[in-house]
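Let me begin by presenting the structure, written as structure tokens, before commenting on it.
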Amino acid sequence: MALLNVLHFPNPRLRLKAKPVGTVDDTINTLAKDMLDTMYAEGGIGLAATQVDVQKRVIVIDLSEHRDDPMCLINPEIIELEGTEQMQEGCLSVPGYYDLVERAEKIRFRYLDLEGQAVEANAEGLLAVCIQHEIDHLDGKLFIDYLSPLKQQRLRKKLEKQERLERQQVQVL
Ligand code: NI
């Protein structure tokens with residue numbers, strides 16, 4: 001088991017665009033496994049390779065109650081979008097912040113599985129939102145990018161304040 005370091009906003013590396021995976025080999029399988037371990041350890045329901053500073057189009061998701069039904073999607077792509085819905089979102093890269101984001105309600109998507117087989121499927125509800133959120137990461141996009149400029153400014157100020165407090169605590173020690 002290997003735990004990877006999750007990048008936090010505003011780290012500029014979260015803005016890098018991930019490249020498609022050419023061959024689904026052992027390296028990709030190990031990456032997906034390490035990403036799952038990291039996601040479970042951090043208590044998330046989805047994680048994109050960009051968040052662990054790997055610019056490859058790999059995402060992992062597990063929405064099951066007992067955290068025992070992982071999905072690994074290589075080169076995921078959305079091919080159809082339908083409807084809209086608002087859901088409260090959070091992100092392991094933006095700890096402690098949650099807000100409503102509007103996304104497509106239903107999607108049709110395709111990806112390669114860990115054996116390199118092409119899969120096409122439909123999703124709705126939380127899974128559809130999660131896939132859209134994780135694919136955004138691969139394109140260097142965060143859920144907070146959808147918020148109003150005012151909310152983004154407030155969030156930035158809050159994080160800067162947190163950072164200042166953390167620095168002060170280090171000086172006291
Ligand atoms: Ni996220």
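Letters A, B, ... go to the chains of the structure tokens in the order shown; residues in each chain start at 1; ligands are counted from 1 in the same order.
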Would you name the residues within 6 Å of ligand 1, counting only C-alpha atoms and all ligand atoms, and put them as a list in words?
Cys91, Leu92 and Ser93 of chain A
With only C-alpha atoms as the counted atoms, please give the residues lying no more than 6 Å from region 125-141 of chain A, apart from itself and same-chain residues fewer than 5 positions off, as number ranges by chain.
A: 14-18, 48, 50
Where in chain A does DSSP assign strand (DSSP E or B), given as number ranges by chain?
A: 19, 46-48, 56, 58-61, 71-82, 85-89, 99-103, 106-112, 118-124
How would the residues just chosen look if you wrote them out with C-alpha atoms as a CSV table (one decimal), in the first residue's frame?
```csv
chain,number,residue,atom,x,y,z
A,19,LYS,CA,-2.2,13.4,-21.0
A,46,GLY,CA,-13.2,10.2,-6.1
A,47,LEU,CA,-9.7,11.1,-7.0
A,48,ALA,CA,-8.0,12.2,-10.2
A,56,LYS,CA,-2.1,11.0,-16.8
A,58,VAL,CA,-6.7,8.2,-14.7
A,59,ILE,CA,-9.5,8.6,-12.2
A,60,VAL,CA,-10.8,6.4,-9.3
A,61,ILE,CA,-14.2,6.4,-7.7
A,71,MET,CA,-14.1,2.0,-10.2
A,72,CYS,CA,-10.9,2.8,-12.2
A,73,LEU,CA,-11.4,4.8,-15.3
A,74,ILE,CA,-8.6,5.3,-17.8
A,75,ASN,CA,-8.9,8.0,-20.5
A,76,PRO,CA,-12.5,8.8,-19.4
A,77,GLU,CA,-14.6,10.8,-21.8
A,78,ILE,CA,-18.2,12.1,-21.6
A,79,ILE,CA,-20.0,11.5,-24.9
A,80,GLU,CA,-23.5,12.7,-24.0
A,81,LEU,CA,-24.9,15.1,-21.4
A,82,GLU,CA,-28.6,15.5,-20.4
A,85,GLU,CA,-28.9,19.4,-11.4
A,86,GLN,CA,-27.3,21.1,-8.5
A,87,MET,CA,-25.4,19.2,-5.9
A,88,GLN,CA,-23.3,20.1,-2.9
A,89,GLU,CA,-19.7,19.3,-3.8
A,99,ASP,CA,-20.7,24.4,-2.2
A,100,LEU,CA,-23.5,23.9,-4.8
A,101,VAL,CA,-22.4,23.3,-8.3
A,102,GLU,CA,-24.6,22.8,-11.4
A,103,ARG,CA,-23.8,20.0,-13.7
A,106,LYS,CA,-27.3,12.3,-16.8
A,107,ILE,CA,-24.2,11.4,-18.8
A,108,ARG,CA,-23.1,8.7,-21.2
A,109,PHE,CA,-19.3,8.1,-20.9
A,110,ARG,CA,-16.6,5.8,-22.1
A,111,TYR,CA,-13.2,4.7,-20.7
A,112,LEU,CA,-10.7,1.9,-20.6
A,118,ALA,CA,-13.1,-0.1,-23.8
A,119,VAL,CA,-16.3,0.3,-21.8
A,120,GLU,CA,-19.3,2.6,-22.5
A,121,ALA,CA,-21.9,3.2,-19.8
A,122,ASN,CA,-24.6,5.6,-18.5
A,123,ALA,CA,-24.6,7.4,-15.2
A,124,GLU,CA,-26.9,9.7,-13.3
```
Would you mind writing down, as a ChimeraX atom specification, each residue of region 1-166 of chain A that DSSP on the backbone assigns to helix (DSSP H, G or I)?
/A:12-15,26-42,49-52,125-138,143-146,149-166
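The spacing separating CA of Asp34 (chain A) from CA of Ala49 (chain A) amounts to 10.1 Å.
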So that I can check the surroundings of Pro10 (chain A), please list as a count of residues only every protein, DNA and RNA residue that reaches within 12 Å of it, counting only C-alpha atoms and ignoring chain neighbours fewer than 3 positions away.
20
Within 8 Å of Leu4 (chain A) using only C-alpha atoms, minus same-chain residues under 2 positions, as number ranges by chain:
A: 2, 6, 34-35, 38, 52
Provide the CA of Tyr97 (chain A) to CA of Gly44 (chain A) distance in Å, to one decimal place.
13.3 Å
Select, from A:Arg67, A:Lys151, A:Lys158, A:Arg167, the residue with the minimum atom-to-atom distance to Asp37 (chain A), counting only C-alpha atoms.
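Of A:Arg67, A:Lys151, A:Lys158, A:Arg167, the one nearest Asp37 (chain A), counting only C-alpha atoms, is A:Arg67.
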At a cut-off of 9 Å, using only C-alpha atoms, what residues contact Ser64 (chain A)? Leave out same-chain residues fewer than 5 positions from it and give the result as a PyMOL selection string.
chain A and resi 45+69-70
Quick check, in Å to one decimal: how far apart do CA of Val21 (chain A) and CA of Tyr146 (chain A) lie?
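Separation of CA of Val21 (chain A) and CA of Tyr146 (chain A): 27.5 Å.
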